[in-house]
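Shown next: coords-v5.csv, given as CSV, C-alpha atoms.
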```csv
chain,number,residue,atom,x,y,z
Y,1,MET,CA,119.2,102.1,88.1
Y,2,GLN,CA,115.9,103.6,87.1
Y,3,LYS,CA,114.6,106.5,89.1
Y,4,ASP,CA,110.9,106.2,90.2
Y,5,SER,CA,109.2,109.5,90.5
Y,6,GLY,CA,105.9,107.9,91.5
Y,7,ASP,CA,104.6,107.0,95.0
Y,8,LYS,CA,107.1,104.6,96.8
Y,9,THR,CA,105.0,104.1,99.8
Y,10,LYS,CA,103.6,100.6,100.6
Y,11,ALA,CA,100.7,99.6,98.3
Y,12,PRO,CA,97.3,100.0,99.8
Y,13,SER,CA,95.3,97.1,101.2
Y,14,LEU,CA,93.5,94.9,98.8
Y,15,GLY,CA,90.3,95.3,100.8
Y,16,GLY,CA,88.7,97.6,98.2
Y,17,PHE,CA,90.2,95.9,95.1
Y,18,ALA,CA,87.5,94.4,92.9
Y,19,PHE,CA,88.0,92.5,89.7
Y,20,GLY,CA,85.9,93.9,86.9
Y,21,SER,CA,84.0,96.2,89.3
Y,22,THR,CA,82.1,99.0,87.7
Y,23,SER,CA,81.4,100.8,90.9
Y,24,THR,CA,85.0,101.7,91.7
Y,25,SER,CA,87.5,103.7,89.6
Y,26,VAL,CA,90.4,101.5,88.4
Y,27,PHE,CA,92.5,104.6,87.9
Y,28,GLY,CA,92.6,105.9,91.4
Y,29,SER,CA,90.4,109.0,91.1
Y,30,THR,CA,87.7,109.4,93.7
Y,31,ALA,CA,86.0,112.4,92.1
Y,32,ALA,CA,82.6,111.7,90.7
Y,33,ALA,CA,82.0,112.5,87.1
Y,34,ASN,CA,78.7,113.2,85.4
Y,35,ASP,CA,77.2,110.6,83.1
Y,36,GLY,CA,77.9,112.5,79.9
Y,37,GLU,CA,81.6,113.0,80.8
Y,38,ARG,CA,82.0,109.3,81.7
Y,39,ASP,CA,80.4,108.1,78.5
Y,40,SER,CA,82.6,110.4,76.5
Y,41,LEU,CA,85.7,109.1,78.3
Y,42,CYS,CA,84.7,105.5,77.8
Y,43,ARG,CA,84.2,106.1,74.1
Y,44,ALA,CA,87.6,107.8,73.8
Y,45,PHE,CA,89.4,105.0,75.5
Y,46,ASN,CA,87.6,102.3,73.5
Y,47,GLU,CA,88.7,104.1,70.3
Y,48,SER,CA,92.3,104.2,71.8
Y,49,LEU,CA,92.2,100.4,72.4
Y,50,SER,CA,91.0,99.8,68.8
Y,51,LYS,CA,94.3,101.3,67.6
Y,52,VAL,CA,96.3,98.7,69.4
Y,53,LYS,CA,95.0,96.0,67.0
Y,54,ALA,CA,96.5,97.9,64.1
Y,55,THR,CA,99.8,98.5,65.7
Y,56,SER,CA,100.5,95.3,67.7
Y,57,SER,CA,100.2,91.8,66.1
Y,58,THR,CA,100.0,90.2,69.5
Y,59,VAL,CA,96.6,91.6,70.6
Y,60,LYS,CA,93.8,89.0,71.1
Y,61,LYS,CA,90.2,89.8,71.5
Y,62,GLU,CA,90.0,88.0,74.9
Y,63,ASP,CA,92.9,90.0,76.2
Y,64,LYS,CA,91.2,93.4,75.8
Y,65,PRO,CA,90.7,94.8,79.4
Y,66,SER,CA,87.5,96.4,80.6
Y,67,PHE,CA,87.9,99.7,82.4
Y,68,THR,CA,85.8,102.2,84.2
Y,69,PHE,CA,86.7,105.9,84.3
Y,70,THR,CA,85.8,108.7,86.7
Y,71,GLY,CA,88.2,111.4,85.6
Y,72,ALA,CA,89.5,113.1,82.5
Y,73,GLN,CA,93.1,112.8,83.8
Y,74,SER,CA,93.1,109.0,83.2
Y,75,VAL,CA,93.6,109.1,79.5
Y,76,GLY,CA,96.5,110.7,77.6
Y,77,LYS,CA,100.2,111.0,77.2
Y,78,LEU,CA,102.3,112.6,79.9
Y,79,GLU,CA,104.7,115.5,79.0
Y,80,SER,CA,107.7,113.9,80.7
Y,81,GLN,CA,108.7,110.3,81.7
Y,82,TRP,CA,107.7,109.2,85.2
Y,83,ARG,CA,110.9,107.2,85.3
Y,84,ASP,CA,114.1,108.5,83.8
Y,85,VAL,CA,115.4,106.2,81.1
Y,86,GLU,CA,117.7,107.0,78.1
Y,87,TRP,CA,116.6,105.2,75.0
Y,88,THR,CA,119.9,105.0,73.1
Y,89,GLU,CA,122.4,102.4,71.9
Y,90,GLU,CA,124.8,103.7,74.4
Y,91,GLN,CA,122.4,103.0,77.2
Y,92,LYS,CA,121.8,99.5,75.9
Y,93,THR,CA,125.5,98.8,75.8
Y,94,THR,CA,125.9,100.1,79.4
Y,95,LEU,CA,123.1,97.9,80.7
Y,96,MET,CA,124.5,94.8,78.9
Y,97,LYS,CA,127.9,95.5,80.5
Y,98,THR,CA,126.3,95.9,83.9
Y,99,VAL,CA,124.5,92.6,83.6
Y,100,SER,CA,127.4,90.7,82.1
Y,101,SER,CA,129.8,92.0,84.8
Y,102,TYR,CA,127.5,91.1,87.7
Y,103,ARG,CA,129.0,88.7,90.3
Y,104,PRO,CA,127.2,87.5,93.5
Y,105,SER,CA,128.8,89.2,96.5
Y,106,ILE,CA,129.3,85.8,98.3
Y,107,LYS,CA,132.4,84.1,96.9
Y,108,ASP,CA,131.1,80.6,97.2
Y,109,VAL,CA,127.9,81.4,95.2
Y,110,THR,CA,128.5,81.2,91.5
Y,111,LYS,CA,125.2,82.5,90.1
Y,112,ALA,CA,122.1,84.4,91.1
Y,113,ARG,CA,119.1,82.2,90.9
Y,114,VAL,CA,115.8,83.9,90.2
Y,115,LEU,CA,112.4,82.2,90.3
Y,116,LEU,CA,109.7,83.5,87.9
Y,117,LEU,CA,106.1,83.1,89.3
Y,118,GLY,CA,102.9,84.0,87.7
Y,119,PRO,CA,99.6,82.8,86.2
Y,120,VAL,CA,99.5,80.8,83.0
Y,121,GLY,CA,100.0,83.2,80.0
Y,122,SER,CA,101.7,85.9,82.1
Y,123,GLY,CA,104.8,85.8,80.0
Y,124,LYS,CA,107.4,84.0,82.2
Y,125,SER,CA,108.9,81.8,79.5
Y,126,SER,CA,108.7,84.6,76.9
Y,127,PHE,CA,110.7,86.8,79.3
Y,128,ILE,CA,113.4,84.3,79.5
Y,129,SER,CA,113.6,83.9,75.7
Y,130,SER,CA,113.5,87.7,75.2
Y,131,VAL,CA,116.4,88.3,77.7
Y,132,GLN,CA,118.5,85.6,76.0
Y,133,SER,CA,117.6,87.2,72.6
Y,134,VAL,CA,119.2,90.5,73.7
Y,135,PHE,CA,122.5,88.7,74.4
Y,136,ASP,CA,122.3,86.5,71.3
Y,137,GLY,CA,121.8,89.6,69.1
Y,138,ARG,CA,118.7,88.1,67.4
Y,139,VAL,CA,115.3,86.9,68.4
Y,140,THR,CA,115.4,83.4,69.7
Y,141,ASN,CA,112.9,81.1,71.5
Y,142,ARG,CA,114.9,79.2,74.1
Y,143,ALA,CA,112.3,78.6,76.8
Y,144,MET,CA,109.2,76.5,76.4
Y,145,VAL,CA,106.2,78.8,76.2
Y,146,GLY,CA,103.4,76.7,77.7
Y,147,SER,CA,99.8,77.1,78.7
Y,148,SER,CA,99.4,74.1,81.0
Y,149,SER,CA,98.3,74.6,84.6
Y,150,THR,CA,98.3,70.9,85.4
Y,151,SER,CA,101.8,69.7,84.6
Y,152,PHE,CA,105.2,71.4,84.0
Y,153,THR,CA,108.8,70.5,84.5
Y,154,LYS,CA,111.1,72.8,86.5
Y,155,LYS,CA,113.7,74.2,84.1
Y,156,SER,CA,116.6,76.5,84.9
Y,157,PHE,CA,118.0,78.7,82.1
Y,158,ASN,CA,121.5,80.0,82.3
Y,159,ILE,CA,121.5,83.3,80.4
Y,160,ARG,CA,124.4,83.1,78.0
Y,161,GLY,CA,126.7,86.1,77.4
Y,162,GLN,CA,127.4,87.7,74.1
Y,163,LYS,CA,129.3,85.6,71.5
Y,164,GLY,CA,132.9,85.2,72.7
Y,165,GLU,CA,132.2,86.3,76.2
Y,166,ASP,CA,131.8,84.4,79.5
Y,167,PRO,CA,128.3,83.3,80.5
Y,168,ASN,CA,126.3,85.7,82.7
Y,169,ARG,CA,125.9,84.9,86.4
Y,170,LEU,CA,122.2,84.7,86.1
Y,171,VAL,CA,119.9,81.7,86.2
Y,172,LEU,CA,116.1,82.2,85.5
Y,173,CYS,CA,113.9,79.4,86.8
Y,174,ASP,CA,110.7,78.6,85.0
Y,175,VAL,CA,107.9,76.5,86.5
Y,176,MET,CA,104.2,75.9,85.9
Y,177,GLY,CA,101.8,78.7,86.3
Y,178,LEU,CA,100.2,79.6,89.6
Y,179,GLY,CA,96.6,78.3,90.3
Y,180,ASN,CA,93.7,79.7,92.3
Y,181,GLY,CA,93.8,76.8,94.7
Y,182,GLU,CA,95.7,73.7,95.7
Y,183,MET,CA,94.3,71.5,93.0
Y,184,THR,CA,95.3,73.6,90.0
Y,185,GLY,CA,98.7,75.1,89.1
Y,186,LEU,CA,101.8,75.3,91.3
Y,187,THR,CA,100.9,74.9,94.9
Y,188,LEU,CA,102.2,77.0,97.8
Y,189,HIS,CA,104.0,74.0,99.3
Y,190,ASP,CA,105.9,73.2,96.1
Y,191,THR,CA,106.7,76.9,95.5
Y,192,LEU,CA,108.4,77.1,98.9
Y,193,SER,CA,110.2,73.8,98.3
Y,194,ILE,CA,111.7,75.3,95.1
Y,195,ILE,CA,112.8,78.5,97.0
Y,196,LYS,CA,114.4,76.5,99.8
Y,197,GLY,CA,116.4,74.5,97.2
Y,198,HIS,CA,114.8,71.1,97.7
Y,199,VAL,CA,113.4,70.5,94.2
Y,200,PRO,CA,115.8,68.8,91.7
Y,201,GLU,CA,116.2,70.1,88.2
Y,202,GLY,CA,113.8,68.5,85.8
Y,203,HIS,CA,111.3,67.6,88.4
Y,204,LYS,CA,107.8,67.3,87.0
Y,205,PHE,CA,105.2,69.0,89.1
Y,206,SER,CA,101.7,67.6,89.7
Y,207,PRO,CA,99.2,69.1,92.2
Y,208,ASP,CA,98.3,65.6,93.5
Y,209,GLN,CA,102.0,64.7,94.1
Y,210,PRO,CA,103.5,67.3,96.3
Y,211,VAL,CA,107.3,67.5,96.7
Y,212,SER,CA,108.5,65.6,99.7
Y,213,SER,CA,111.7,63.9,101.1
Y,214,GLU,CA,110.6,60.8,99.1
Y,215,THR,CA,110.7,62.7,95.8
Y,216,VAL,CA,113.3,61.4,93.4
Y,217,GLY,CA,116.4,63.7,93.6
Y,218,TYR,CA,115.1,65.6,96.6
Y,219,VAL,CA,117.9,67.8,98.0
Y,220,LYS,CA,117.8,67.3,101.7
Y,221,ARG,CA,120.4,69.9,102.7
Y,222,PRO,CA,120.5,72.6,100.0
Y,223,GLY,CA,123.3,75.1,100.0
Y,224,LEU,CA,123.1,78.7,98.9
Y,225,ASN,CA,123.9,77.6,95.3
Y,226,GLU,CA,120.7,75.5,95.2
Y,227,LYS,CA,118.4,78.1,96.8
Y,228,ILE,CA,116.4,80.8,95.1
Y,229,HIS,CA,117.9,84.3,95.7
Y,230,CYS,CA,115.1,86.5,94.3
Y,231,VAL,CA,111.5,85.9,93.2
Y,232,ALA,CA,110.0,87.9,90.3
Y,233,PHE,CA,106.3,87.8,90.0
Y,234,VAL,CA,105.0,88.1,86.4
Y,235,VAL,CA,101.6,89.5,85.6
Y,236,ASN,CA,99.9,90.3,82.3
Y,237,ALA,CA,98.9,93.9,82.0
Y,238,SER,CA,96.0,93.1,79.6
Y,239,LYS,CA,94.5,90.7,82.1
Y,240,ILE,CA,95.0,92.4,85.5
Y,241,MET,CA,91.4,93.5,85.8
Y,242,SER,CA,90.0,90.1,84.7
Y,243,TYR,CA,92.2,87.8,86.9
Y,244,PRO,CA,90.1,85.6,89.3
Y,245,LYS,CA,89.6,87.3,92.6
Y,246,GLY,CA,91.2,84.4,94.4
Y,247,LEU,CA,94.5,85.1,92.6
Y,248,SER,CA,95.1,88.2,94.8
Y,249,THR,CA,94.8,86.0,97.9
Y,250,THR,CA,97.3,83.5,96.3
Y,251,PHE,CA,99.8,86.3,95.7
Y,252,GLN,CA,99.4,87.7,99.3
Y,253,GLN,CA,100.0,84.2,100.8
Y,254,LEU,CA,103.0,83.6,98.6
Y,255,ARG,CA,104.5,87.0,99.4
Y,256,GLU,CA,104.1,86.5,103.2
Y,257,HIS,CA,105.7,83.1,103.2
Y,258,ILE,CA,108.5,84.1,100.8
Y,259,SER,CA,109.3,87.1,102.9
Y,260,ASP,CA,109.6,84.8,106.0
Y,261,LEU,CA,112.3,83.0,104.1
Y,262,GLY,CA,114.2,86.3,103.7
Y,263,VAL,CA,113.9,86.3,99.9
Y,264,HIS,CA,113.3,89.7,98.2
Y,265,GLN,CA,110.6,90.0,95.6
Y,266,VAL,CA,110.0,92.2,92.5
Y,267,ALA,CA,107.4,92.1,89.7
Y,268,LEU,CA,107.3,92.3,85.9
Y,269,LEU,CA,104.3,93.8,84.2
Y,270,THR,CA,104.2,92.2,80.7
Y,271,HIS,CA,102.1,92.8,77.6
Y,272,ILE,CA,102.2,96.5,78.0
Y,273,ASP,CA,101.9,97.0,74.2
Y,274,GLN,CA,98.4,95.4,74.4
Y,275,ILE,CA,97.0,98.1,76.7
Y,276,CYS,CA,98.6,101.3,75.2
Y,277,PRO,CA,98.6,102.1,71.5
Y,278,GLU,CA,101.4,104.6,71.8
Y,279,THR,CA,103.7,102.1,73.5
Y,280,ALA,CA,102.7,99.5,70.8
Y,281,LYS,CA,104.1,101.9,68.2
Y,282,ASP,CA,107.2,102.9,70.2
Y,283,VAL,CA,108.3,101.1,73.4
Y,284,ALA,CA,110.2,104.3,74.4
Y,285,GLU,CA,106.8,105.9,75.2
Y,286,VAL,CA,106.2,103.5,78.0
Y,287,TYR,CA,107.1,105.9,80.8
Y,288,LYS,CA,105.0,108.7,79.3
Y,289,SER,CA,101.9,106.5,79.2
Y,290,ARG,CA,99.3,107.4,81.8
Y,291,ILE,CA,97.5,104.1,81.0
Y,292,ILE,CA,100.6,102.0,81.9
Y,293,GLN,CA,101.4,104.2,84.9
Y,294,ASP,CA,97.9,103.6,86.3
Y,295,MET,CA,98.1,99.8,85.5
Y,296,MET,CA,101.3,99.7,87.5
Y,297,THR,CA,99.2,100.9,90.5
Y,298,LYS,CA,96.7,98.2,89.8
Y,299,ALA,CA,99.4,95.6,89.6
Y,300,GLY,CA,100.8,96.8,92.9
Y,301,ALA,CA,97.4,96.4,94.5
Y,302,LEU,CA,97.0,92.9,93.1
Y,303,LEU,CA,100.4,91.9,94.4
Y,304,GLY,CA,100.4,93.9,97.6
Y,305,MET,CA,103.6,95.7,96.8
Y,306,SER,CA,104.8,99.2,96.1
Y,307,THR,CA,105.2,100.2,92.4
Y,308,SER,CA,108.9,100.9,93.1
Y,309,TYR,CA,109.3,97.1,93.0
Y,310,ILE,CA,107.5,96.7,89.6
Y,311,VAL,CA,108.9,97.2,86.1
Y,312,PRO,CA,107.0,97.1,82.8
Y,313,VAL,CA,108.5,94.9,80.1
Y,314,LYS,CA,107.6,94.0,76.5
Y,315,ASN,CA,108.6,90.5,75.5
Y,316,TYR,CA,109.5,89.5,71.9
Y,317,SER,CA,106.7,87.5,70.4
Y,318,SER,CA,106.2,87.7,66.6
Y,319,GLU,CA,109.1,90.0,65.9
Y,320,LEU,CA,112.1,88.8,63.8
Y,321,ASP,CA,114.5,91.7,64.7
Y,322,LEU,CA,115.6,93.2,67.9
Y,323,ASP,CA,114.5,96.7,68.9
Y,324,VAL,CA,116.8,99.0,71.0
Y,325,SER,CA,114.0,100.3,73.2
Y,326,THR,CA,112.6,96.9,73.9
Y,327,ASP,CA,116.1,95.7,74.8
Y,328,ILE,CA,116.7,98.5,77.2
Y,329,LEU,CA,113.4,97.8,79.0
Y,330,LEU,CA,114.3,94.1,79.2
Y,331,LEU,CA,117.9,94.7,80.4
Y,332,GLY,CA,116.6,97.3,82.9
Y,333,ALA,CA,114.3,94.6,84.3
Y,334,VAL,CA,117.2,92.2,84.7
Y,335,ASP,CA,119.3,94.8,86.4
Y,336,HIS,CA,116.4,95.5,88.7
Y,337,ILE,CA,116.1,91.8,89.6
Y,338,LEU,CA,119.9,91.5,90.2
Y,339,GLN,CA,119.9,94.4,92.7
Y,340,TYR,CA,117.4,92.6,94.9
Y,341,ALA,CA,119.2,89.3,94.5
Y,342,ASP,CA,122.3,91.0,95.8
Y,343,LEU,CA,120.3,92.2,98.8
Y,344,TYR,CA,119.8,88.5,99.6
Y,345,PHE,CA,123.5,87.9,99.4
Y,346,GLN,CA,124.2,90.8,101.6
Y,347,ASP,CA,121.7,89.5,104.2
Y,348,ASN,CA,123.3,86.0,104.1
Y,349,THR,CA,127.0,86.9,104.0
Y,350,PRO,CA,128.8,84.9,106.7
Y,351,GLN,CA,129.7,87.0,109.7
Y,352,PHE,CA,133.0,86.3,111.4
Y,353,ASP,CA,134.0,87.6,114.8
Y,354,GLU,CA,137.0,89.7,114.9
Y,355,CYS,CA,140.0,88.4,116.8
Y,356,VAL,CA,140.7,90.5,119.9
```

What do you get writing this file as structure tokens?
Amino acid sequence: MQKDSGDKTKAPSLGGFAFGSTSTSVFGSTAAANDGERDSLCRAFNESLSKVKATSSTVKKEDKPSFTFTGAQSVGKLESQWRDVEWTEEQKTTLMKTVSSYRPSIKDVTKARVLLLGPVGSGKSSFISSVQSVFDGRVTNRAMVGSSSTSFTKKSFNIRGQKGEDPNRLVLCDVMGLGNGEMTGLTLHDTLSIIKGHVPEGHKFSPDQPVSSETVGYVKRPGLNEKIHCVAFVVNASKIMSYPKGLSTTFQQLREHISDLGVHQVALLTHIDQICPETAKDVAEVYKSRIIQDMMTKAGALLGMSTSYIVPVKNYSSELDLDVSTDILLLGAVDHILQYADLYFQDNTPQFDECV
């Protein structure tokens, strides 16, 4: 389990969160800087961003974030990791064994079912494929990587174990991307129907045809095996500051209703290599990056959750070979998710009165 040396208090209210605002620091500093210092910092960071294009083949012009600085502390590499992680083959092996040996604490539940939620292009499908790649021992593309916000089929992916081993007890559920309103993307109603276990596998979502008891295959009385046991929100680090303002409200509403169902939530911050040139060169630098650390805070504000629930990940995209550090980050994210799924099982373990 990763140790988080950052602030673990509840994330601040979104009241002061502005997308693309130039009047508020996006790196948390409230000290005012003079114009010359600010201009110098902006130039320095823009030069830093330009290096990303040379070190990461996945960078796109439209993904480049726009930031405002008010303090010199915002740019640079930290001397020590802000989360303690070992970047070795031994650590990768340990994490793989931890994930492979996981079993739900309720005997009648065979697998932990995790729902991935996020905007189109956040990296949900790529995360599923990347996790499977680690266990396959090679880069594979198992999940459909889509960009549609109007139609998508619910798909559940059983993460296979290593060759010759039993399958893992983890199911990652992929659905259409979240929208800003009820007419685009996955709706609140349908999201909650998935979590409650009512939506059949292979159901094709459509905003103008909400899930109901008349839906073909509708599960009227779902058991624990059909329900979702943990929700993982997925957000793109390179787009956090350009997401529509209404998306923060969507996240807040979702989190409130999901919490009412007793389901724990975590978050994945993807595309970290697109905002930090050092991490693009070497994923093991992720927890020394001040840029990523500060972006974690922004993700927490967007989602309304503490950064202790959020883990940064890098998905495989154009790579042909696996990378140990990337694998460790992915496996650490899965372990993080499974810990919160297990909390759900603990909360829902049948209680029996002792005989007197």

Select from region 220-306 of chain Y every residue with an atom at most 10 Å from any atom of region 74-98 of chain Y, then for each give the shortest pair of atoms and their distance in Å to one decimal, using all atoms listed in the file, rows by chain and rising number, as JSON lines.
```
{"residue": "Y:Cys276", "atom": "CA", "partner": "Y:Gly76", "partner_atom": "CA", "distance": 9.9}
{"residue": "Y:Glu278", "atom": "CA", "partner": "Y:Lys77", "partner_atom": "CA", "distance": 8.5}
{"residue": "Y:Val283", "atom": "CA", "partner": "Y:Trp87", "partner_atom": "CA", "distance": 9.4}
{"residue": "Y:Ala284", "atom": "CA", "partner": "Y:Trp87", "partner_atom": "CA", "distance": 6.5}
{"residue": "Y:Glu285", "atom": "CA", "partner": "Y:Gln81", "partner_atom": "CA", "distance": 8.1}
{"residue": "Y:Val286", "atom": "CA", "partner": "Y:Gln81", "partner_atom": "CA", "distance": 8.1}
{"residue": "Y:Tyr287", "atom": "CA", "partner": "Y:Gln81", "partner_atom": "CA", "distance": 4.8}
{"residue": "Y:Lys288", "atom": "CA", "partner": "Y:Gln81", "partner_atom": "CA", "distance": 4.7}
{"residue": "Y:Ser289", "atom": "CA", "partner": "Y:Lys77", "partner_atom": "CA", "distance": 5.2}
{"residue": "Y:Arg290", "atom": "CA", "partner": "Y:Lys77", "partner_atom": "CA", "distance": 5.9}
{"residue": "Y:Ile291", "atom": "CA", "partner": "Y:Val75", "partner_atom": "CA", "distance": 6.5}
{"residue": "Y:Gln293", "atom": "CA", "partner": "Y:Trp82", "partner_atom": "CA", "distance": 8.0}
{"residue": "Y:Asp294", "atom": "CA", "partner": "Y:Ser74", "partner_atom": "CA", "distance": 7.9}
```

TODO: Please identify all polymer residues within 9 Å of Val109 (chain Y), counting only C-alpha atoms, omitting same-chain residues fewer than 6 positions from it, and present them as a ChimeraX atom specification.
DONE: /Y:103,224-225,345

Restrict the selected residues to C-alpha atoms and save them as a PDB file, in the frame of the given file.
```pdb
ATOM      1  CA  ARG Y 103     129.000  88.700  90.300  1.00  0.00           C
ATOM      2  CA  LEU Y 224     123.100  78.700  98.900  1.00  0.00           C
ATOM      3  CA  ASN Y 225     123.900  77.600  95.300  1.00  0.00           C
ATOM      4  CA  PHE Y 345     123.500  87.900  99.400  1.00  0.00           C
TER       5      PHE Y 345
END
```

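The space separating CA of Lys227 (chain Y) from CA of Val114 (chain Y) comes to 9.2 Å.
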
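From CA of Asp327 (chain Y) back to CA of Ile292 (chain Y), the distance works out to 18.2 Å.
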
TODO: Work out how far apart CA of Lys220 (chain Y) and CA of His198 (chain Y) are and give it in Å to one decimal.
DONE: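 For CA of Lys220 (chain Y) relative to CA of His198 (chain Y), the distance reads 6.3 Å.
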
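Distance annotation: of Y:Ala301, Y:Leu338, Y:Ile128, Y:Val313, the residue with the minimal separation from Gln265 (chain Y) is Y:Leu338; atom set is all atoms listed in the file.
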
Open item on the list: Here is a test: counting all atoms listed in the file, which residue of Y:Leu261, Y:Glu256, Y:Lys239, Y:Thr153 is nearest to Ile275 (chain Y)?
Closed with: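 Once distances to Ile275 (chain Y) are computed over all atoms listed in the file, the minimum belongs to Y:Lys239.
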
TODO: Would you mind telling me which residue in Y:Tyr218, Y:Tyr243, Y:Tyr344, Y:Phe127 lies nearest to Ile106 (chain Y) when using only C-alpha atoms?
DONE: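 Checking each candidate against Ile106 (chain Y), we get Y:Tyr344 as the closest.
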
TODO: Measuring atom to atom with only C-alpha atoms, identify which of Y:Ser213, Y:Gln252, Y:Ser325, Y:Ser193 is nearest to Ile228 (chain Y).
DONE: Y:Ser193

Open item on the list: So, with only C-alpha atoms as the atoms that count, which of Y:Val235, Y:Asn315, Y:Asn348, Y:Arg160 lies closest to Leu247 (chain Y)?
Closed with: Y:Val235

Open item on the list: Can you tell me which residues surround Asp335 (chain Y) at a distance of at most 12 Å, considering all atoms listed in the file, apart from same-chain residues fewer than 6 positions away, and format the answer as a VMD selection string?
Closed with: chain Y and resid 1 to 2 92 94 to 102 112 131 169 to 170 266 311 328 to 329 341 to 342
